[in-house]
Amino acid sequence: HYYITNNLRMSITPLTTLTSAPSNGHQSSLENFSVRRTESIDAPQIMKLIERSTEKCFGKVNVVNIIEKAVLSITLTSSNGEVLGFGAFYDYPNSKSYDPKLWEHDMIPKYGLEGVTPLNSLFLHYFVAKRPYQHDIAQEIIRTVYNACVYVQSIFLLSGTSHLGSALLENFVRVKNGQKEEKLFLCQRHGHVPQLHIREARPEDNDDLAPLFTQQNKVLSETYGDYFLAELIEAQDENHKALVAEVGGLAIGFMCVSTEVDVDLLNKCFELKPYTFLHKVKKKEETPDDNTSVASESVVEDEVEDEVDEDLAREETLDIETSSVDRKVPSQTSLKSGPAAESSKGEVSAADSNRSVSIPPSHVSEPQSETSEKPKDTEEVAEAVEEVIVSAEPIDFGEPTAFCIQLFCIDERYEMRSIDFMTEAFKRFPDKDYCVLTIPHTISEFPLLQVFARCTPKPTSTLEQELYVFHRSALLQNITVRFGTDLDTTGISYITRKYKGKSTVLADYNQYLSAMRDEDGTPLYGIVMECGKQIIGVAIMRAEMDTEYLRSHYGLEDFIYFTQHSPREHGHLYHCAVSATFTNFTKFFLRECLRLCEMSCMYYNVYDSATSQSKPQSTVEALHHLVQIRPRRQIKYPVELLKGSPPATYDNVPIAGVLKTLPPFALFHINRKLTLEPKMVINSRIVVVGASDVSLSFLETLILCPHMHFNNLVLISPEGLPLTAPSSLPSSLSYPPEYMNKISLATSCNIVNAKMTSVNRAEQFVEVDNGRKVQYDYLVLCTGSQFQCSLPQVEEKKLSVSSPVSRDVSAVAKIQPFVPPSQATSLDSISKAEGIVDWVKSHPGPVTVYGTSLTSYTTIQVLLEAGIPDITSVQPPTIVSCFNNPQVLEIVETSMTDAGVKIMRDYVLSGYSCEEEGALSGIELTPTQGAVETIPCSSLITLQDKIIDNDTFQGINNSCLVFDGRLVIDTDCHTNDPVIYAAGPLTKYKRAFYCDEFTHDIYCSKEIGERLASIMLPIFDPSFPPVEEVEQYELPKYVRPKQVYAKLPGGYHYLNISKPQPLVELQTAMMDPNYGRELITGDKETGYFRLHLNQYHTVETITCLSKTEIEMGNICQLYGLHQQYMNSLEERFDGGLITDFFAYLREPWSLILYHDRFAELREEIKELLTQPNQPGEESLSEKVCQLVDEDLAIEDKTKLALFAEYNDSLAKQSIENRLFSYLSYNKYHLPHYAGRNMA
């Protein structure tokens, strides 16, 4: 199984660890085991557990396929990682005699299975276990299933034999119906993880519950005393009830509920329109149509206002799902009853959850809002309600219809059964329709909240809690999912009547009814979810026709083993709407859509608002249940070289899906394995200031973490996200516009278009320039540095004569704000960079560009392209040019001179000459030697050094964060405030490190952002692997190169990739005996290409200058490669075989070097070389390292001996097998390489 094993390494899904349920007294012989979801790489070990009896019971199966298609697969492992047992569960029978999409219509009446539905049942498709633990493993797996799936009541097993083995027979009983050809066995919940017995609390329960509360939270007992529970229980009346969950006579859970809810305050702070504002609804009597009849009065009330909410008004703000539930975002609320605030701390159990997506942040408040502001009177609230309701029928509001959970606590072993409290809670208040619950932002969602809906806060809300709502109709479980009919049109029209894309939804549904295919012939599916004949959800899908494109352009294989899913098993979700009342069934709805359409994978694309779509789609409701897929880096193919010229008959061009060009989009995905895997929902308010590469990388890492969902991410930036790339600014190549559209940060992050002016650390909020306050639990400062108009004073001379990297900006940052003339500007924002040509044209006359930064050269090129005449480049003295390459500098400046640009070297700006009305007429320049000169100037663009923005400095300094020229941080990016982090050029390390030259601006910003995210993620998920610790006074290691691309005067494309290190002049660096060597081809006409190989013959610097476009994505991958990877580069260069690196590195042999998984292959090969031939022997890698340590120069005789040993070793065969498996698995990207049978 070697081929399978190695390919499976490509397909590891991030997992959520499962918790086994309590054993109900069963004594297990298993010790030191863990239960988790199955990974594809478990397949080889699972195969070893297969016995003859296994095949008799389940038949011969493809284990990898079973794992891939199961809605839930569970593995038991020992402490050393050995697989002890495996069980795979599906949502349809394992028999060809039943149609997977119709099994309930055949099996249920056939066996008389009353009450069995797809919602409450699963089917065991495969089970293996290691002897002699089969009995214990079977029970452990079954208990885990019931613990993880709160709605499942029955597990079925369909087999052709009654000899299941004692382990299964002990847990399953046969369901008899007289059929001989098949045997159906049943395992019910009550024998393993029964529903909790809920009763009213009694004072004597205090003895059982007090230790539980004390264990999880001591605040209540410290505040109210040791007997606060007994007092609370005794104080029960018609408005306050206390419930207890009991197991074996022991109280293991407690819930206190109350009708004292300040509904008016909640309506002021949260968008409660989908929930009829938590009031009863009085409607004019009318007879509902048959197809829209309701299951209960409460369902009617919910549906009346559910879809009336401004769902898709949200679409105009963010391109994300806008369902009444998915819009439940950052929020805080307060209940009228006293202990409510404390109760949220007592709710303690944090568990995986799968709730909502964030939209406009509640913690972004308007200037006039105050936390102490009194709630509106009832009349004022009613007036506000009347203003926002838009309804076709008269609606009158009655009494409030909500009660709240004041206090809740449960033993963590039983927390997955928290939902059992809800039925009894509603029984205590039969006249109430809603239950509400609040928790602080810093508390992650616990299992009870998985059935609640998170409410969208209003922008003016400043309360410190989240609000969750649960409608009594959500207790109903008579949910049916089926294909839609023409009778459902009215119901679908009703629930989508306020959708921005309602007409599109109805048009696609009518197309489904009329042809079941789209106009282009693609299969179309219309699916509805109903409860008591009431339409509560609709989804419209069609077959996904671009699967090869998705596979090659997005990291789908991080989540699925692609070859196990046939092309017809991929579907595309175009529309999805679910009633706010029933949002806890949304994931079940998606799972049923896959089953009914006989698919295993579902996709949804999020486009930029400006992108036109060939097939319009509406914003779907369930986007937060899907995982976002990371885009893959693409190879730039030399298509003409791959085609081959006549008489060649081969065609090595990749498949059409790889070369296909589509508008960029963010891809969201769910498959059968993920439909029962909850996400960990994080409500902490994480505010990021600045849209630098560090910020974008940090946010991208959080958003693309598949098992976590962040509700309250906020980015504060004056111009929002950088979605354009003006040619007047150099690019780091980390976040080009196309890539920004592919990760769609605005979908999961709230964007505040403003500038930070102050930080209030005591109250934890950031104030921005429009007076609004943005509250935070964690603040991340990544503002970077910006160009500022140079100051006409003597200090500027001193400050300018320094390296751009080592310059201390403290002196400039502390200078009082300087107001330059209106005809002087600097490119301190993208909008200014985009409009620089128009700005210059608005001031006719001589133009001066001041500075030696790379931006000064790109700006001159933009002006030249626009035909701007009379340009002067004033260059202050500098030790090292921005190119750090004399040949490149000469080529560029020669091109400038040829284009008519006047260059004035070694001049410092020392003053402005202005006319009486204040208009700029000239500038004063002071040379290093000589008298002051004045030159005419109508437009001045200063682009010398970047410094910290004055407003940013003032905000940081006034908040008493340590500022020493830059914001001071430690190795983990902490400031002196434990909840404030910082990274990027804004920062510097403490002086105790003695490393002033090692600031973040010499490193790859994307790598810094990823490390910052890795530092913070363990705060929210303790199981997340922590970052590698560094020794005291040792700096963290950043290894990725510093990249920059620019278009320079003369039309040259410039690319430089260099090692992250303090800047040293090239001539000085080359004097180092360990520098290595440089290889150069071409000139300014043919294209200049310089490679620097270090002493270990690996690529350390790449410099390209060419008038033709550079294949930057390819060339960037060469950094860090040994020259042997490049087809013995040095030997060929020294032999005169390479005269043009551009052409050489475009040849087909080199394409594997640019593949996005090539780095993984290299690491796997290194790992194989560390494995010895026999246990106890020294590996080949260890021998080589030992020789290198002894003497860097290895003799030729020793090299031949090592080669001979390698050829006789097992490592050689393993490496060849791994290489062929890699080429086979990635053949769609690399079709021109020979396979195993061709080599």
# chains A, B, ... in the order shown; residues from 1 in each chain; ligands from 1
call {"tool": "residues_around", "arguments": {"residues": "region 912-922 of chain A", "least_positions_apart": "5", "cutoff": "8 Å", "atoms": "only C-alpha atoms", "output": "ChimeraX atom specification"}}
result
/A:792,821-824,934-939
call {"tool": "write_last_selection", "arguments": {"atoms": "all heavy atoms", "output": "PDB file, in the first residue's frame"}}
result
ATOM      1  N   PRO A 792      11.720  70.927   6.146  1.00  0.00           N
ATOM      2  CA  PRO A 792      12.802  71.826   5.716  1.00  0.00           C
ATOM      3  C   PRO A 792      13.591  72.348   6.899  1.00  0.00           C
ATOM      4  O   PRO A 792      13.464  73.499   7.299  1.00  0.00           O
ATOM      5  CB  PRO A 792      12.047  72.947   5.006  1.00  0.00           C
ATOM      6  CG  PRO A 792      10.729  73.004   5.735  1.00  0.00           C
ATOM      7  CD  PRO A 792      10.419  71.598   6.125  1.00  0.00           C
ATOM      8  N   PRO A 821       3.215  72.845   1.982  1.00  0.00           N
ATOM      9  CA  PRO A 821       2.412  73.562   0.984  1.00  0.00           C
ATOM     10  C   PRO A 821       1.489  72.599   0.245  1.00  0.00           C
ATOM     11  O   PRO A 821       1.744  71.398   0.179  1.00  0.00           O
ATOM     12  CB  PRO A 821       3.477  74.154   0.038  1.00  0.00           C
ATOM     13  CG  PRO A 821       4.742  74.147   0.818  1.00  0.00           C
ATOM     14  CD  PRO A 821       4.656  72.983   1.749  1.00  0.00           C
ATOM     15  N   SER A 822       0.430  73.124  -0.297  1.00  0.00           N
ATOM     16  CA  SER A 822      -0.549  72.270  -0.970  1.00  0.00           C
ATOM     17  C   SER A 822       0.041  71.596  -2.205  1.00  0.00           C
ATOM     18  O   SER A 822      -0.502  70.600  -2.685  1.00  0.00           O
ATOM     19  CB  SER A 822      -1.765  73.103  -1.378  1.00  0.00           C
ATOM     20  OG  SER A 822      -1.386  74.144  -2.268  1.00  0.00           O
ATOM     21  N   GLN A 823       1.130  72.122  -2.726  1.00  0.00           N
ATOM     22  CA  GLN A 823       1.751  71.549  -3.914  1.00  0.00           C
ATOM     23  C   GLN A 823       2.866  70.559  -3.574  1.00  0.00           C
ATOM     24  O   GLN A 823       3.627  70.166  -4.442  1.00  0.00           O
ATOM     25  CB  GLN A 823       2.295  72.669  -4.807  1.00  0.00           C
ATOM     26  CG  GLN A 823       1.195  73.496  -5.459  1.00  0.00           C
ATOM     27  CD  GLN A 823       1.715  74.785  -6.025  1.00  0.00           C
ATOM     28  OE1 GLN A 823       1.735  75.820  -5.348  1.00  0.00           O
ATOM     29  NE2 GLN A 823       2.161  74.750  -7.274  1.00  0.00           N
ATOM     30  N   ALA A 824       2.946  70.187  -2.286  1.00  0.00           N
ATOM     31  CA  ALA A 824       3.895  69.157  -1.852  1.00  0.00           C
ATOM     32  C   ALA A 824       3.100  67.986  -1.301  1.00  0.00           C
ATOM     33  O   ALA A 824       2.132  68.167  -0.554  1.00  0.00           O
ATOM     34  CB  ALA A 824       4.845  69.699  -0.791  1.00  0.00           C
ATOM     35  N   THR A 934      18.457  77.009  -5.286  1.00  0.00           N
ATOM     36  CA  THR A 934      16.993  77.038  -5.400  1.00  0.00           C
ATOM     37  C   THR A 934      16.608  76.666  -6.811  1.00  0.00           C
ATOM     38  O   THR A 934      17.125  77.237  -7.777  1.00  0.00           O
ATOM     39  CB  THR A 934      16.444  78.435  -5.040  1.00  0.00           C
ATOM     40  OG1 THR A 934      16.832  78.778  -3.706  1.00  0.00           O
ATOM     41  CG2 THR A 934      14.929  78.441  -5.146  1.00  0.00           C
ATOM     42  N   ILE A 935      15.713  75.696  -6.936  1.00  0.00           N
ATOM     43  CA  ILE A 935      15.260  75.271  -8.265  1.00  0.00           C
ATOM     44  C   ILE A 935      13.760  75.487  -8.352  1.00  0.00           C
ATOM     45  O   ILE A 935      13.044  75.390  -7.342  1.00  0.00           O
ATOM     46  CB  ILE A 935      15.614  73.800  -8.544  1.00  0.00           C
ATOM     47  CG1 ILE A 935      14.876  72.867  -7.575  1.00  0.00           C
ATOM     48  CG2 ILE A 935      17.111  73.574  -8.475  1.00  0.00           C
ATOM     49  CD1 ILE A 935      15.020  71.401  -7.935  1.00  0.00           C
ATOM     50  N   PRO A 936      13.263  75.822  -9.554  1.00  0.00           N
ATOM     51  CA  PRO A 936      11.808  76.010  -9.699  1.00  0.00           C
ATOM     52  C   PRO A 936      11.065  74.679  -9.492  1.00  0.00           C
ATOM     53  O   PRO A 936      11.549  73.620  -9.880  1.00  0.00           O
ATOM     54  CB  PRO A 936      11.653  76.526 -11.122  1.00  0.00           C
ATOM     55  CG  PRO A 936      12.881  76.054 -11.840  1.00  0.00           C
ATOM     56  CD  PRO A 936      13.983  76.036 -10.808  1.00  0.00           C
ATOM     57  N   CYS A 937       9.903  74.753  -8.879  1.00  0.00           N
ATOM     58  CA  CYS A 937       9.141  73.536  -8.596  1.00  0.00           C
ATOM     59  C   CYS A 937       7.669  73.891  -8.421  1.00  0.00           C
ATOM     60  O   CYS A 937       7.332  74.743  -7.578  1.00  0.00           O
ATOM     61  CB  CYS A 937       9.676  72.849  -7.345  1.00  0.00           C
ATOM     62  SG  CYS A 937       8.771  71.360  -6.887  1.00  0.00           S
ATOM     63  N   SER A 938       6.832  73.261  -9.196  1.00  0.00           N
ATOM     64  CA  SER A 938       5.387  73.439  -9.054  1.00  0.00           C
ATOM     65  C   SER A 938       4.730  72.262  -8.333  1.00  0.00           C
ATOM     66  O   SER A 938       3.641  72.393  -7.785  1.00  0.00           O
ATOM     67  CB  SER A 938       4.732  73.618 -10.435  1.00  0.00           C
ATOM     68  OG  SER A 938       5.214  74.777 -11.066  1.00  0.00           O
ATOM     69  N   SER A 939       5.385  71.107  -8.381  1.00  0.00           N
ATOM     70  CA  SER A 939       4.866  69.910  -7.695  1.00  0.00           C
ATOM     71  C   SER A 939       6.042  69.195  -7.058  1.00  0.00           C
ATOM     72  O   SER A 939       7.026  68.878  -7.739  1.00  0.00           O
ATOM     73  CB  SER A 939       4.162  68.966  -8.676  1.00  0.00           C
ATOM     74  OG  SER A 939       3.107  69.615  -9.332  1.00  0.00           O
TER      75      SER A 939
END
call {"tool": "closest_residue", "arguments": {"among": "A:Ser600, A:Asn478, A:Gln236, A:His709", "to": "Val116 (chain A)", "atoms": "only C-alpha atoms"}}
result
A:Asn478
call {"tool": "residues_around", "arguments": {"residues": "Gly690 (chain A)", "least_positions_apart": "6", "cutoff": "6 Å", "atoms": "only C-alpha atoms", "output": "PDB file with all heavy atoms, in the first residue's frame"}}
result
ATOM      1  N   ILE A 716      -8.978  47.994  11.235  1.00  0.00           N
ATOM      2  CA  ILE A 716      -9.087  49.454  11.148  1.00  0.00           C
ATOM      3  C   ILE A 716      -8.029  49.955  10.184  1.00  0.00           C
ATOM      4  O   ILE A 716      -6.835  49.758  10.397  1.00  0.00           O
ATOM      5  CB  ILE A 716      -8.891  50.104  12.531  1.00  0.00           C
ATOM      6  CG1 ILE A 716      -9.949  49.594  13.522  1.00  0.00           C
ATOM      7  CG2 ILE A 716      -8.962  51.616  12.426  1.00  0.00           C
ATOM      8  CD1 ILE A 716      -9.754  50.121  14.932  1.00  0.00           C
ATOM      9  N   SER A 717      -8.488  50.583   9.131  1.00  0.00           N
ATOM     10  CA  SER A 717      -7.567  51.103   8.110  1.00  0.00           C
ATOM     11  C   SER A 717      -8.229  52.277   7.416  1.00  0.00           C
ATOM     12  O   SER A 717      -9.416  52.210   7.078  1.00  0.00           O
ATOM     13  CB  SER A 717      -7.226  50.010   7.095  1.00  0.00           C
ATOM     14  OG  SER A 717      -6.461  50.533   6.023  1.00  0.00           O
ATOM     15  N   CYS A 782      -0.324  46.944  13.733  1.00  0.00           N
ATOM     16  CA  CYS A 782       0.564  46.643  12.588  1.00  0.00           C
ATOM     17  C   CYS A 782       0.441  47.763  11.566  1.00  0.00           C
ATOM     18  O   CYS A 782       0.207  47.511  10.379  1.00  0.00           O
ATOM     19  CB  CYS A 782       0.198  45.302  11.957  1.00  0.00           C
ATOM     20  SG  CYS A 782       0.210  43.900  13.072  1.00  0.00           S
ATOM     21  N   THR A 783       0.587  48.979  12.005  1.00  0.00           N
ATOM     22  CA  THR A 783       0.377  50.114  11.101  1.00  0.00           C
ATOM     23  C   THR A 783       1.523  50.324  10.133  1.00  0.00           C
ATOM     24  O   THR A 783       1.360  51.000   9.118  1.00  0.00           O
ATOM     25  CB  THR A 783       0.178  51.404  11.913  1.00  0.00           C
ATOM     26  OG1 THR A 783       1.330  51.608  12.738  1.00  0.00           O
ATOM     27  CG2 THR A 783      -1.047  51.293  12.802  1.00  0.00           C
TER      28      THR A 783
END
call {"tool": "residues_around", "arguments": {"residues": "Leu641 (chain A)", "least_positions_apart": "3", "cutoff": "8 Å", "atoms": "only C-alpha atoms", "output": "PDB file with all heavy atoms, in the first residue's frame"}}
result
ATOM      1  N   PRO A 638       5.360  27.575 -19.874  1.00  0.00           N
ATOM      2  CA  PRO A 638       5.771  27.922 -21.246  1.00  0.00           C
ATOM      3  C   PRO A 638       4.991  27.055 -22.230  1.00  0.00           C
ATOM      4  O   PRO A 638       5.482  26.027 -22.721  1.00  0.00           O
ATOM      5  CB  PRO A 638       7.269  27.599 -21.252  1.00  0.00           C
ATOM      6  CG  PRO A 638       7.419  26.488 -20.256  1.00  0.00           C
ATOM      7  CD  PRO A 638       6.361  26.702 -19.213  1.00  0.00           C
ATOM      8  N   GLY A 644       5.309  21.134 -28.169  1.00  0.00           N
ATOM      9  CA  GLY A 644       6.139  20.359 -29.087  1.00  0.00           C
ATOM     10  C   GLY A 644       5.917  20.813 -30.516  1.00  0.00           C
ATOM     11  O   GLY A 644       4.833  21.259 -30.892  1.00  0.00           O
ATOM     12  N   GLU A1147      12.667  26.458 -19.277  1.00  0.00           N
ATOM     13  CA  GLU A1147      12.598  25.160 -19.955  1.00  0.00           C
ATOM     14  C   GLU A1147      11.712  24.193 -19.175  1.00  0.00           C
ATOM     15  O   GLU A1147      11.610  24.281 -17.935  1.00  0.00           O
ATOM     16  CB  GLU A1147      14.008  24.599 -20.119  1.00  0.00           C
ATOM     17  CG  GLU A1147      14.886  25.422 -21.060  1.00  0.00           C
ATOM     18  CD  GLU A1147      16.319  24.895 -21.118  1.00  0.00           C
ATOM     19  OE1 GLU A1147      16.588  23.876 -20.461  1.00  0.00           O
ATOM     20  OE2 GLU A1147      17.148  25.521 -21.804  1.00  0.00           O
ATOM     21  N   PRO A1148      11.056  23.255 -19.864  1.00  0.00           N
ATOM     22  CA  PRO A1148      10.072  22.376 -19.205  1.00  0.00           C
ATOM     23  C   PRO A1148      10.627  21.580 -18.031  1.00  0.00           C
ATOM     24  O   PRO A1148       9.893  21.283 -17.087  1.00  0.00           O
ATOM     25  CB  PRO A1148       9.621  21.460 -20.348  1.00  0.00           C
ATOM     26  CG  PRO A1148       9.809  22.275 -21.589  1.00  0.00           C
ATOM     27  CD  PRO A1148      11.045  23.090 -21.332  1.00  0.00           C
TER      28      PRO A1148
END
call {"tool": "residues_around", "arguments": {"residues": "Gln954 (chain A)", "least_positions_apart": "2", "cutoff": "10 Å", "atoms": "only C-alpha atoms", "output": "PDB file with all heavy atoms, in the first residue's frame"}}
result
ATOM      1  N   MET A 756      -6.714  55.222  13.435  1.00  0.00           N
ATOM      2  CA  MET A 756      -6.598  55.191  14.887  1.00  0.00           C
ATOM      3  C   MET A 756      -5.962  56.480  15.394  1.00  0.00           C
ATOM      4  O   MET A 756      -4.941  56.938  14.885  1.00  0.00           O
ATOM      5  CB  MET A 756      -5.748  53.997  15.317  1.00  0.00           C
ATOM      6  CG  MET A 756      -5.589  53.864  16.821  1.00  0.00           C
ATOM      7  SD  MET A 756      -4.373  52.625  17.310  1.00  0.00           S
ATOM      8  CE  MET A 756      -2.837  53.497  16.989  1.00  0.00           C
ATOM      9  N   THR A 757      -6.592  57.053  16.430  1.00  0.00           N
ATOM     10  CA  THR A 757      -6.048  58.272  17.015  1.00  0.00           C
ATOM     11  C   THR A 757      -5.647  58.093  18.480  1.00  0.00           C
ATOM     12  O   THR A 757      -4.806  58.836  18.974  1.00  0.00           O
ATOM     13  CB  THR A 757      -7.063  59.425  16.917  1.00  0.00           C
ATOM     14  OG1 THR A 757      -8.297  59.015  17.546  1.00  0.00           O
ATOM     15  CG2 THR A 757      -7.325  59.786  15.462  1.00  0.00           C
ATOM     16  N   SER A 758      -6.260  57.135  19.177  1.00  0.00           N
ATOM     17  CA  SER A 758      -5.904  56.921  20.581  1.00  0.00           C
ATOM     18  C   SER A 758      -6.279  55.510  21.003  1.00  0.00           C
ATOM     19  O   SER A 758      -7.114  54.853  20.371  1.00  0.00           O
ATOM     20  CB  SER A 758      -6.593  57.942  21.491  1.00  0.00           C
ATOM     21  OG  SER A 758      -7.994  57.733  21.501  1.00  0.00           O
ATOM     22  N   VAL A 759      -5.645  55.048  22.068  1.00  0.00           N
ATOM     23  CA  VAL A 759      -5.916  53.730  22.647  1.00  0.00           C
ATOM     24  C   VAL A 759      -6.226  53.940  24.125  1.00  0.00           C
ATOM     25  O   VAL A 759      -5.407  54.497  24.870  1.00  0.00           O
ATOM     26  CB  VAL A 759      -4.707  52.788  22.496  1.00  0.00           C
ATOM     27  CG1 VAL A 759      -5.010  51.437  23.128  1.00  0.00           C
ATOM     28  CG2 VAL A 759      -4.326  52.625  21.030  1.00  0.00           C
ATOM     29  N   ALA A 813       9.412  61.286  14.549  1.00  0.00           N
ATOM     30  CA  ALA A 813       8.104  60.970  15.112  1.00  0.00           C
ATOM     31  C   ALA A 813       7.692  61.959  16.182  1.00  0.00           C
ATOM     32  O   ALA A 813       6.511  62.194  16.387  1.00  0.00           O
ATOM     33  CB  ALA A 813       8.114  59.561  15.676  1.00  0.00           C
ATOM     34  N   LYS A 814       8.661  62.550  16.860  1.00  0.00           N
ATOM     35  CA  LYS A 814       8.325  63.434  17.975  1.00  0.00           C
ATOM     36  C   LYS A 814       8.192  64.895  17.542  1.00  0.00           C
ATOM     37  O   LYS A 814       7.844  65.757  18.341  1.00  0.00           O
ATOM     38  CB  LYS A 814       9.389  63.309  19.069  1.00  0.00           C
ATOM     39  CG  LYS A 814       9.413  61.917  19.707  1.00  0.00           C
ATOM     40  CD  LYS A 814      10.516  61.792  20.737  1.00  0.00           C
ATOM     41  CE  LYS A 814      10.549  60.391  21.328  1.00  0.00           C
ATOM     42  NZ  LYS A 814      11.654  60.219  22.287  1.00  0.00           N
ATOM     43  N   ASP A 949       3.627  57.336  11.417  1.00  0.00           N
ATOM     44  CA  ASP A 949       2.638  58.391  11.312  1.00  0.00           C
ATOM     45  C   ASP A 949       2.477  59.097  12.659  1.00  0.00           C
ATOM     46  O   ASP A 949       2.464  58.457  13.718  1.00  0.00           O
ATOM     47  CB  ASP A 949       1.307  57.776  10.867  1.00  0.00           C
ATOM     48  CG  ASP A 949       0.203  58.798  10.820  1.00  0.00           C
ATOM     49  OD1 ASP A 949       0.184  59.591   9.871  1.00  0.00           O
ATOM     50  OD2 ASP A 949      -0.633  58.791  11.747  1.00  0.00           O
ATOM     51  N   ASN A 950       2.329  60.417  12.615  1.00  0.00           N
ATOM     52  CA  ASN A 950       2.269  61.185  13.862  1.00  0.00           C
ATOM     53  C   ASN A 950       1.052  60.821  14.710  1.00  0.00           C
ATOM     54  O   ASN A 950       1.128  60.710  15.936  1.00  0.00           O
ATOM     55  CB  ASN A 950       2.261  62.684  13.547  1.00  0.00           C
ATOM     56  CG  ASN A 950       2.315  63.528  14.805  1.00  0.00           C
ATOM     57  OD1 ASN A 950       3.338  63.607  15.468  1.00  0.00           O
ATOM     58  ND2 ASN A 950       1.194  64.154  15.147  1.00  0.00           N
ATOM     59  N   ASP A 951      -0.116  60.632  14.067  1.00  0.00           N
ATOM     60  CA  ASP A 951      -1.313  60.263  14.826  1.00  0.00           C
ATOM     61  C   ASP A 951      -1.125  58.916  15.512  1.00  0.00           C
ATOM     62  O   ASP A 951      -1.558  58.709  16.649  1.00  0.00           O
ATOM     63  CB  ASP A 951      -2.535  60.212  13.904  1.00  0.00           C
ATOM     64  CG  ASP A 951      -2.951  61.592  13.428  1.00  0.00           C
ATOM     65  OD1 ASP A 951      -2.647  62.570  14.145  1.00  0.00           O
ATOM     66  OD2 ASP A 951      -3.572  61.690  12.355  1.00  0.00           O
ATOM     67  N   THR A 952      -0.489  57.986  14.801  1.00  0.00           N
ATOM     68  CA  THR A 952      -0.218  56.681  15.395  1.00  0.00           C
ATOM     69  C   THR A 952       0.716  56.809  16.579  1.00  0.00           C
ATOM     70  O   THR A 952       0.504  56.216  17.648  1.00  0.00           O
ATOM     71  CB  THR A 952       0.396  55.740  14.346  1.00  0.00           C
ATOM     72  OG1 THR A 952      -0.506  55.611  13.238  1.00  0.00           O
ATOM     73  CG2 THR A 952       0.669  54.368  14.937  1.00  0.00           C
ATOM     74  N   ILE A 956      -0.172  55.868  20.486  1.00  0.00           N
ATOM     75  CA  ILE A 956       0.611  54.869  21.227  1.00  0.00           C
ATOM     76  C   ILE A 956       1.270  55.501  22.445  1.00  0.00           C
ATOM     77  O   ILE A 956       1.215  54.969  23.555  1.00  0.00           O
ATOM     78  CB  ILE A 956       1.675  54.241  20.300  1.00  0.00           C
ATOM     79  CG1 ILE A 956       0.997  53.395  19.214  1.00  0.00           C
ATOM     80  CG2 ILE A 956       2.665  53.410  21.094  1.00  0.00           C
ATOM     81  CD1 ILE A 956       1.948  52.894  18.149  1.00  0.00           C
ATOM     82  N   ASN A 957       1.879  56.646  22.233  1.00  0.00           N
ATOM     83  CA  ASN A 957       2.628  57.275  23.319  1.00  0.00           C
ATOM     84  C   ASN A 957       1.709  57.718  24.450  1.00  0.00           C
ATOM     85  O   ASN A 957       2.026  57.557  25.638  1.00  0.00           O
ATOM     86  CB  ASN A 957       3.410  58.472  22.766  1.00  0.00           C
ATOM     87  CG  ASN A 957       4.457  58.988  23.731  1.00  0.00           C
ATOM     88  OD1 ASN A 957       5.304  58.233  24.200  1.00  0.00           O
ATOM     89  ND2 ASN A 957       4.393  60.279  24.039  1.00  0.00           N
ATOM     90  N   ASN A 958       0.560  58.276  24.114  1.00  0.00           N
ATOM     91  CA  ASN A 958      -0.375  58.762  25.136  1.00  0.00           C
ATOM     92  C   ASN A 958      -1.019  57.630  25.923  1.00  0.00           C
ATOM     93  O   ASN A 958      -1.566  57.864  26.999  1.00  0.00           O
ATOM     94  CB  ASN A 958      -1.454  59.629  24.496  1.00  0.00           C
ATOM     95  CG  ASN A 958      -0.899  60.912  23.919  1.00  0.00           C
ATOM     96  OD1 ASN A 958       0.203  61.347  24.293  1.00  0.00           O
ATOM     97  ND2 ASN A 958      -1.636  61.532  22.998  1.00  0.00           N
ATOM     98  N   SER A 959      -0.981  56.421  25.379  1.00  0.00           N
ATOM     99  CA  SER A 959      -1.552  55.275  26.100  1.00  0.00           C
ATOM    100  C   SER A 959      -0.510  54.594  26.981  1.00  0.00           C
ATOM    101  O   SER A 959      -0.775  53.530  27.548  1.00  0.00           O
ATOM    102  CB  SER A 959      -2.133  54.263  25.104  1.00  0.00           C
ATOM    103  OG  SER A 959      -1.114  53.732  24.282  1.00  0.00           O
TER     104      SER A 959
END
call {"tool": "residues_around", "arguments": {"residues": "region 853-858 of chain A", "least_positions_apart": "5", "cutoff": "6 Å", "atoms": "only C-alpha atoms", "output": "PyMOL selection string"}}
result
chain A and resi 728-729+882+943-944+1047-1048
